[in-house]
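Q: So that we are looking at the same thing, I have put the structure below in structure tokens.
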Amino acid sequence: MEINGKDDLNSPLLQNRDDVVVAISEKTRTLVFKVVGITCASCVASIEAALGGIEGVQSVMVSVLQGRAVVKYVPEIISAKRIKEAVEDTGFEVADFPEQDNAMCRVKIKGMACTSCSESVERALRMVNGIKKAVVGLALGEAKIHFDPNITGTNHIIQAIEEDAGFGAELISSGNDLSKLYLKLGGITSSDDFIIIQRSLESLEGVNHVEVDPGQQIVIISYEPNVVGPRSLIQCIQEAGDGSSTYQATLYTPPRDGEMQRQQEILMYRNQFLWSCLFSVPIFVSSMVLPMLPPSGDWLEYKVFNMLNIGMLLRWILCTPVQFVIGKRFYAGSYNALKRKSANMDVLVALGTNAAYFYSIYVMVKALSSDSFEGQDFFETSSMLISFILLGKYLEVLAKGKTSDALAKLTELAPETACLLTLDSAGNIISETEIDTKLIEKNDILKIVPGAKIPVDGLVIDGQCHVNESMITGEALPVSKGPGDKVIGGTVNENGYIRVKATHVGSETTLSQIVELVEAAQLAKAPVQKLADQIAKVFVPIVVLAAFLTWLGWFIPGETGLYPRSWIPTSMDAFEFALEFAISVLVIACPCALGLATPTAVMVATGKGASLGVLIKGGNALQNAHKAGFSLLSIKTIVFDKTGTLTVGKPAVVSFQLFSVISEEEFCGMTIAAEINSEHPIAKAVVEHAKLLRQKHGVENDQLTEVKDFKVHPGAGVSGKIGEKAILVGNRRLMQMFNVPIGVEVDTYVSENEHLARTCVLIAVEEIIAGGFAVTDPVKPEASLVISYLRSMHISSVMVTGDNWATATAIGSQVGIDKVFAETDPLGKADKIKELQLQGASVAMVGDGINDSPALVAADVGMAIGAGTDVAIEAADIVLMKSNLEDVVTAIDLSRKTMSRIRLNYIWALGYNILGVPVAAGVLYPLIGIRLPPWLASACMAASSVSVVCSSLLLQYYNKPLHAKVG
């Protein structure tokens, strides 16, 4: 992965994702919370239907796998509290509901002259509904405001300052994405101590919000890591006490709610299954086994009163706790489902078990009151149904936990401790201290020994080593690191001693953002899931109708003698015989497997992709990538950018020539002044070479003239004025735009270099071309192999670049791309994508720069090279962490495998129903005498969900297709 260098140290590799924070913009916000009691896709459909119809709710996503909901809403129209109440009204319990009172923003206030001005601003702010606290600093001319983002936003705050207080206002920053520190307090003797600590912390610059939990003696601090660090916060608490009070503060790690709840769920189902077996096994033995082993089972036939025997009474006593105590969760689930006018798996289970249980009660009462009645009870059916369903749920939650293994491994990559160095002014080590990784602050100097994990993102300031980055990027070969190189938290130092300066800590690290991105992706719903959602809405009513028709289909012909009486077992009558078939139909058809088919596969695939260095932003990106690479009805096309995508992205000047009488020193100075502010890799290469030329003449590079009227011409170059001279720096197209004549000497120089796949940068002063630089950018070694492999996958490749035609064609020939579009500006790239789409193709775009972002958005699926710009990464659907083109193949192949797995999951889910329901209904019984008892039908129903989850888990064994061939 090419991450070496000092560029972009002030911004993390991946920006924070909007869909996993509480607030995503001033107009809409996103709420993420846990919903307890979701069992199948019908539950999801009912919650989405309940919330989707509320004004102000823009979108609802509910994950049946994780039991979490993501709701995007407009806070000006509806409050988060109302959303919570709407979910609870459907019968579900809401947990982990986020606190919404800790948003903070800083506002620059213009025109304040005295304290009365600042008081006026504070008074105006306090009148705004939703503002919790406002502090206005007269000297700084700023206000720090804490507010509830569900009630108000920064637009309303600025409006209040401008209109109500009459001062100018400008937003400086919004603290929605805050670093948080949890500390356990010690030395607390009274409630006043909490107030003292809170006030001390709030007085610190960089502290945005302080929340104290007196019960657990915990303080939660939201702070700005650029201003204050965790060690400073702990020191502040320790110094807050007076002579009589001494406070202590230690790191506190809040429990991971998701993992705890999963473990509790596993334990609950395991215990319920074991208790159920304790009762159900004796019932099964007394009903199905002992009667077949005379004389050992004869005692069960002993009559207690009239025709009521010991076996029936024993089975009733054992079955009742299973039905009403262990099985009460099915009653509660059914009640809540029916209350919200929907139906789920609990309804089917409750119907089936109640039919078996209460019919058995009827048989008992009739046997008790008659001296000649002979009937068959179904107590074993009821108890065994519940036992097998609980076993299935237990196996299902066990398997579901495995789907997030890749994510769990990512979160465990960071080490628990780090070695902090204290240096003197000369850079000598004064002390070494082992500290918790959570206490690392920006600009800390850390010691990394061979074999140790790097705790946070940073910059090597001393030493040499090789770092294994495979855990983050999937790159197997260690990467050489030296002074000035970036390192990623969680990677391993294989050899050598280095000192690292921390540049990104806490939630800003690459590892934290990867985890955040994958978590968000796992919640996203793929479009193919909509099919399951539509089926789930009508699934249960159809099954209930099918069960009733099955009962009628066997009962009426049995009573009228349309089929032989010998078909009915001697211990049953036509009603009981038909009832068994109906119960089997009820319990074998379960919507749970349908709801699990897509999210389990997406969850495993996104986690596996992350471990290989391919970050997929949810099921939608997976399905689109699959379309771009697999749709039989579309033209299979991938569009590549050139610089930094097909090429290494580190251009170097290989030739320089003057075409006028201007001096080399003056020429280089003007070139540097014009290009110094450009972020384009070619511009940087030109600036570096020009600086070297100036140094050869003994000219210091800090002696530069400022450029005026600076203007960027996308895809062409830049223009401006240095002193009174107009300057143009760019390609041939820029010269033509400004009608600058290109002489024979210049044209020859440009043509010769372009045919060598070099880019020429021309510099014109006062409409005369003064000189030029020839820049080359080496093609990535794997580029031609990737293009060839894509061709074998029946995918055509296209190159779109802002470079000139000759260079673009030469690069295309090198890598094997025939279709090339050159001299294209950023909007032109997006237009080319749309042209290809109009031809019926699903198009993927691979790029790395800011100028690629419109095309990345326009494409069906955008793939951003991970070492590229943050804007490109934001615009893309898939991020390739390693900047390695092999991962383009990996992304498409993984999406193919995932979509194939989802289809297979649907086959498993629907297969049990399509094949099982007719068998349960007795279709085969007249032909070959096979019928499916209800307890066996429940086992098949449980197996369908387990099969789907296990099928998805096989994606964990996915291997990159091209990596093996490259070797």
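Letters A, B, ... go to the chains of the structure tokens in the order shown; residues in each chain start at 1; ligands are counted from 1 in the same order.
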List every residue of range 731-952 of chain A that DSSP, applied to the backbone of this structure, places in strand (DSSP E), and write the result as a VMD selection string.
A: chain A and resid 759 to 765 768 to 776 796 to 800 819 to 821 842 to 847 861 to 865 878 to 880
Q: Just the residues within 9 Å of Asn913 in chain A, please, counting only C-alpha atoms, with nothing from its chain fewer than 5 positions along; format it as an NGL selection string.
A: :A and (588-590 or 908 or 918 or 941 or 944)
Q: Between A:Arg199, A:Lys366, A:Lys481, A:Lys834, which has the minimum distance to Asp860 in chain A (counting only C-alpha atoms)?
A: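 So, comparing all the options, the nearest one is A:Lys834.
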Q: Report, in Å with one decimal, the straight-line distance from CA of Asp893 in chain A to CA of Val602 in chain A.
A: 14.0 Å
Q: Between A:Ser42, A:Ser59, A:Gln464, A:Ser360, which has the minimum distance to Val540 in chain A (counting only C-alpha atoms)?
A: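 Once distances to Val540 in chain A are computed over only C-alpha atoms, the minimum belongs to A:Ser42.
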Q: Between CA of Ala414 in chain A and CA of Gly489 in chain A, what distance in Å does the model show, to one decimal?
A: 6.4 Å
Q: List the neighbours of His209 in chain A out to 8 Å using only C-alpha atoms; skip same-chain residues closer than 5 positions along the sequence, and give me the result as a PyMOL selection string.
A: chain A and resi 102+104+146+202+221-223
Q: Can you pull out every residue within 6 Å of Val846 in chain A, counting only C-alpha atoms, but drop anything in the same chain fewer than 2 positions away, and send it as JSON, numbers by chain?
A: {"A": [640, 863, 864]}
Q: At what distance in Å, to one decimal, does CA of Thr422 in chain A lie from CA of Ile454 in chain A?
A: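 Atom-to-atom, CA of Ile454 in chain A to CA of Thr422 in chain A, that is 17.7 Å.
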Q: Tell me which of A:Leu562, A:Val505, A:Ile161, A:Val750 sits closest to Ser655 in chain A, counting only C-alpha atoms.
A: A:Val750
Q: Do you know which residues are at most 8 Å from Tyr302 in chain A counting only C-alpha atoms, after dropping those on the same chain fewer than 5 positions away, and could you put them as a PyMOL selection string?
A: chain A and resi 309-311
Q: Output N, CA and C atoms for every residue in the selection just made, as an mmCIF file, in the first residue's frame.
A:
data_model
loop_
_atom_site.group_PDB
_atom_site.id
_atom_site.type_symbol
_atom_site.label_atom_id
_atom_site.label_comp_id
_atom_site.auth_asym_id
_atom_site.auth_seq_id
_atom_site.Cartn_x
_atom_site.Cartn_y
_atom_site.Cartn_z
ATOM 1 N N ASN A 309 -55.870 -42.501 31.261
ATOM 2 C CA ASN A 309 -54.816 -43.380 31.762
ATOM 3 C C ASN A 309 -53.630 -42.575 32.305
ATOM 4 N N ILE A 310 -52.699 -43.302 32.929
ATOM 5 C CA ILE A 310 -51.537 -42.669 33.552
ATOM 6 C C ILE A 310 -50.675 -41.963 32.505
ATOM 7 N N GLY A 311 -50.487 -42.584 31.353
ATOM 8 C CA GLY A 311 -49.642 -41.992 30.315
ATOM 9 C C GLY A 311 -50.137 -40.634 29.870
#
Q: Pull the alpha helix (DSSP H) assignments for range 418-594 of chain A out of DSSP run on the backbone, and list those residues as an mmCIF file with C-alpha atoms, in the first residue's frame.
A:
data_model
loop_
_atom_site.group_PDB
_atom_site.id
_atom_site.type_symbol
_atom_site.label_atom_id
_atom_site.label_comp_id
_atom_site.auth_asym_id
_atom_site.auth_seq_id
_atom_site.Cartn_x
_atom_site.Cartn_y
_atom_site.Cartn_z
ATOM 1 C CA SER A 470 -1.834 -7.418 6.017
ATOM 2 C CA MET A 471 -4.351 -7.128 8.871
ATOM 3 C CA ILE A 472 -5.519 -3.758 7.531
ATOM 4 C CA THR A 473 -4.788 -3.834 3.806
ATOM 5 C CA THR A 510 -7.759 4.265 10.088
ATOM 6 C CA LEU A 511 -8.649 1.122 12.046
ATOM 7 C CA SER A 512 -11.520 2.844 13.885
ATOM 8 C CA GLN A 513 -12.917 4.222 10.663
ATOM 9 C CA ILE A 514 -12.680 0.850 8.907
ATOM 10 C CA VAL A 515 -14.632 -0.729 11.768
ATOM 11 C CA GLU A 516 -17.171 2.097 11.620
ATOM 12 C CA LEU A 517 -17.532 1.741 7.864
ATOM 13 C CA VAL A 518 -17.980 -2.032 8.023
ATOM 14 C CA GLU A 519 -20.539 -1.738 10.827
ATOM 15 C CA ALA A 520 -22.529 0.729 8.749
ATOM 16 C CA ALA A 521 -22.257 -1.495 5.681
ATOM 17 C CA GLN A 522 -23.561 -4.494 7.602
ATOM 18 C CA LEU A 523 -26.701 -2.588 8.501
ATOM 19 C CA GLN A 529 -33.678 -8.005 0.271
ATOM 20 C CA LYS A 530 -36.811 -6.182 -0.842
ATOM 21 C CA LEU A 531 -38.029 -9.411 -2.438
ATOM 22 C CA ALA A 532 -37.845 -11.197 0.908
ATOM 23 C CA ASP A 533 -39.596 -8.276 2.594
ATOM 24 C CA GLN A 534 -42.475 -8.439 0.105
ATOM 25 C CA ILE A 535 -42.801 -12.198 0.545
ATOM 26 C CA ALA A 536 -42.712 -11.903 4.351
ATOM 27 C CA LYS A 537 -45.713 -9.548 4.373
ATOM 28 C CA VAL A 538 -48.043 -12.219 2.951
ATOM 29 C CA PHE A 539 -46.143 -15.334 3.985
ATOM 30 C CA VAL A 540 -47.793 -16.135 7.322
ATOM 31 C CA PRO A 541 -51.409 -15.518 6.222
ATOM 32 C CA ILE A 542 -50.840 -17.801 3.218
ATOM 33 C CA VAL A 543 -49.361 -20.505 5.449
ATOM 34 C CA VAL A 544 -52.307 -20.292 7.880
ATOM 35 C CA LEU A 545 -54.717 -20.549 4.946
ATOM 36 C CA ALA A 546 -52.750 -23.514 3.556
ATOM 37 C CA ALA A 547 -52.883 -25.251 6.938
ATOM 38 C CA PHE A 548 -56.650 -24.746 7.186
ATOM 39 C CA LEU A 549 -57.192 -26.046 3.635
ATOM 40 C CA THR A 550 -54.974 -29.023 4.464
ATOM 41 C CA TRP A 551 -57.149 -29.836 7.454
ATOM 42 C CA LEU A 552 -60.301 -29.536 5.376
ATOM 43 C CA GLY A 553 -58.728 -31.579 2.577
ATOM 44 C CA TRP A 554 -58.118 -34.529 4.918
ATOM 45 C CA PHE A 555 -61.024 -34.187 7.379
ATOM 46 C CA ILE A 556 -63.979 -33.941 4.961
ATOM 47 C CA PRO A 557 -62.883 -36.848 2.698
ATOM 48 C CA GLY A 558 -62.090 -38.880 5.836
ATOM 49 C CA GLU A 559 -65.558 -38.325 7.272
ATOM 50 C CA THR A 560 -67.268 -39.030 3.968
ATOM 51 C CA ALA A 574 -60.390 -38.418 10.802
ATOM 52 C CA PHE A 575 -60.323 -35.149 12.760
ATOM 53 C CA GLU A 576 -57.067 -35.990 14.564
ATOM 54 C CA PHE A 577 -55.519 -37.374 11.394
ATOM 55 C CA ALA A 578 -56.294 -34.139 9.506
ATOM 56 C CA LEU A 579 -55.152 -32.027 12.464
ATOM 57 C CA GLU A 580 -51.674 -33.575 12.414
ATOM 58 C CA PHE A 581 -51.234 -32.637 8.753
ATOM 59 C CA ALA A 582 -52.437 -29.074 9.423
ATOM 60 C CA ILE A 583 -50.063 -28.599 12.363
ATOM 61 C CA SER A 584 -47.150 -29.917 10.300
ATOM 62 C CA VAL A 585 -47.920 -27.359 7.564
ATOM 63 C CA LEU A 586 -48.060 -24.564 10.148
ATOM 64 C CA VAL A 587 -44.691 -25.282 11.706
ATOM 65 C CA ILE A 588 -42.592 -26.304 8.690
ATOM 66 C CA CYS A 592 -37.093 -16.534 9.495
ATOM 67 C CA ALA A 593 -34.815 -18.134 6.914
ATOM 68 C CA LEU A 594 -36.028 -15.694 4.237
#
Q: Restricting the calculation to only C-alpha atoms, which member of A:Cys105, A:Val487, A:Ala876, A:Ala124 is positioned closest to Glu224 in chain A?
A: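 Nearest candidate to Glu224 in chain A out of A:Cys105, A:Val487, A:Ala876, A:Ala124: A:Cys105.
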Q: Can you pull out every residue within 10 Å of Glu675 in chain A, counting only C-alpha atoms, but drop anything in the same chain fewer than 6 positions away, and send it as an NGL selection string?
A: :A and (682-687 or 707 or 710 or 717-719 or 728-730)
Q: Keeping only all heavy atoms, write the selected residues to a file as a compact mmCIF listing (two decimals), in the first residue's frame.
A:
# COMPACT_ATOMS: atom_id res chain seq x y z
N ILE A 682 1.15 15.71 -10.86
CA ILE A 682 2.07 16.22 -11.88
C ILE A 682 2.59 17.60 -11.48
O ILE A 682 3.78 17.91 -11.64
CB ILE A 682 1.39 16.26 -13.26
CG1 ILE A 682 1.14 14.83 -13.76
CG2 ILE A 682 2.21 17.05 -14.27
CD1 ILE A 682 0.42 14.76 -15.09
N ALA A 683 1.70 18.43 -10.92
CA ALA A 683 2.11 19.76 -10.47
C ALA A 683 3.15 19.65 -9.36
O ALA A 683 4.13 20.41 -9.34
CB ALA A 683 0.89 20.54 -9.98
N LYS A 684 2.97 18.71 -8.46
CA LYS A 684 3.93 18.53 -7.37
C LYS A 684 5.29 18.11 -7.91
O LYS A 684 6.34 18.56 -7.42
CB LYS A 684 3.40 17.49 -6.38
CG LYS A 684 2.20 17.97 -5.57
CD LYS A 684 1.75 16.92 -4.57
CE LYS A 684 0.58 17.43 -3.74
NZ LYS A 684 0.14 16.43 -2.75
N ALA A 685 5.26 17.22 -8.91
CA ALA A 685 6.53 16.78 -9.50
C ALA A 685 7.25 17.95 -10.17
O ALA A 685 8.48 18.09 -10.05
CB ALA A 685 6.25 15.66 -10.52
N VAL A 686 6.52 18.81 -10.85
CA VAL A 686 7.11 19.97 -11.52
C VAL A 686 7.70 20.93 -10.48
O VAL A 686 8.82 21.45 -10.65
CB VAL A 686 6.06 20.68 -12.39
CG1 VAL A 686 6.57 22.04 -12.87
CG2 VAL A 686 5.68 19.81 -13.58
N VAL A 687 6.97 21.16 -9.40
CA VAL A 687 7.44 22.07 -8.36
C VAL A 687 8.73 21.54 -7.73
O VAL A 687 9.71 22.29 -7.54
CB VAL A 687 6.36 22.27 -7.28
CG1 VAL A 687 6.93 22.96 -6.05
CG2 VAL A 687 5.19 23.06 -7.84
N VAL A 707 1.47 34.77 -6.60
CA VAL A 707 0.70 34.80 -7.83
C VAL A 707 -0.66 35.44 -7.57
O VAL A 707 -1.30 35.18 -6.55
CB VAL A 707 0.55 33.38 -8.43
CG1 VAL A 707 -0.25 32.48 -7.51
CG2 VAL A 707 -0.08 33.43 -9.81
N PHE A 710 -5.16 33.96 -9.53
CA PHE A 710 -4.94 32.52 -9.75
C PHE A 710 -6.25 31.84 -10.11
O PHE A 710 -7.28 32.06 -9.46
CB PHE A 710 -4.35 31.88 -8.49
CG PHE A 710 -4.06 30.41 -8.63
CD1 PHE A 710 -2.92 29.96 -9.27
CD2 PHE A 710 -4.94 29.47 -8.11
CE1 PHE A 710 -2.65 28.61 -9.39
CE2 PHE A 710 -4.69 28.12 -8.23
CZ PHE A 710 -3.54 27.69 -8.88
N GLY A 717 -4.93 23.07 -16.77
CA GLY A 717 -3.82 23.66 -16.04
C GLY A 717 -4.28 24.84 -15.21
O GLY A 717 -5.44 24.90 -14.79
N VAL A 718 -3.36 25.81 -14.98
CA VAL A 718 -3.67 26.97 -14.16
C VAL A 718 -3.19 28.23 -14.85
O VAL A 718 -2.33 28.20 -15.74
CB VAL A 718 -3.01 26.87 -12.75
CG1 VAL A 718 -3.52 25.65 -11.99
CG2 VAL A 718 -1.48 26.83 -12.87
N SER A 719 -3.77 29.38 -14.42
CA SER A 719 -3.34 30.67 -14.96
C SER A 719 -3.28 31.67 -13.83
O SER A 719 -3.86 31.47 -12.76
CB SER A 719 -4.31 31.14 -16.05
OG SER A 719 -5.60 31.36 -15.50
N LEU A 728 0.79 31.07 -17.79
CA LEU A 728 -0.03 29.87 -17.99
C LEU A 728 0.85 28.65 -17.76
O LEU A 728 1.97 28.59 -18.28
CB LEU A 728 -0.59 29.82 -19.41
CG LEU A 728 -1.49 30.97 -19.88
CD1 LEU A 728 -1.77 30.82 -21.38
CD2 LEU A 728 -2.79 30.98 -19.09
N VAL A 729 0.34 27.70 -16.97
CA VAL A 729 1.06 26.44 -16.74
C VAL A 729 0.08 25.31 -16.97
O VAL A 729 -0.92 25.17 -16.24
CB VAL A 729 1.63 26.36 -15.31
CG1 VAL A 729 2.40 25.05 -15.13
CG2 VAL A 729 2.52 27.55 -15.00
N GLY A 730 0.34 24.50 -18.01
CA GLY A 730 -0.58 23.41 -18.29
C GLY A 730 -0.24 22.69 -19.57
O GLY A 730 0.90 22.75 -20.06
Q: Find the residues around Asp747 in chain A up to 12 Å (only C-alpha atoms counted), leave out those fewer than 3 positions away in its own chain, and share them as a PyMOL selection string.
A: chain A and resi 659+731-732+735+741-744+750-754+760+762+769+771-772
Q: Pick from A:Trp935, A:Asp193, A:Ile158, A:Gly229: nearest to Pro214 in chain A, with only C-alpha atoms counted?
A: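 Of the candidates, the smallest distance to Pro214 in chain A is held by A:Asp193.
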Q: Compare A:Leu308, A:Ile795, A:Ser678, A:Leu904 by their minimum atom-to-atom distance to Ser369 in chain A, counting only C-alpha atoms, and give me the closest one.
A: A:Leu308
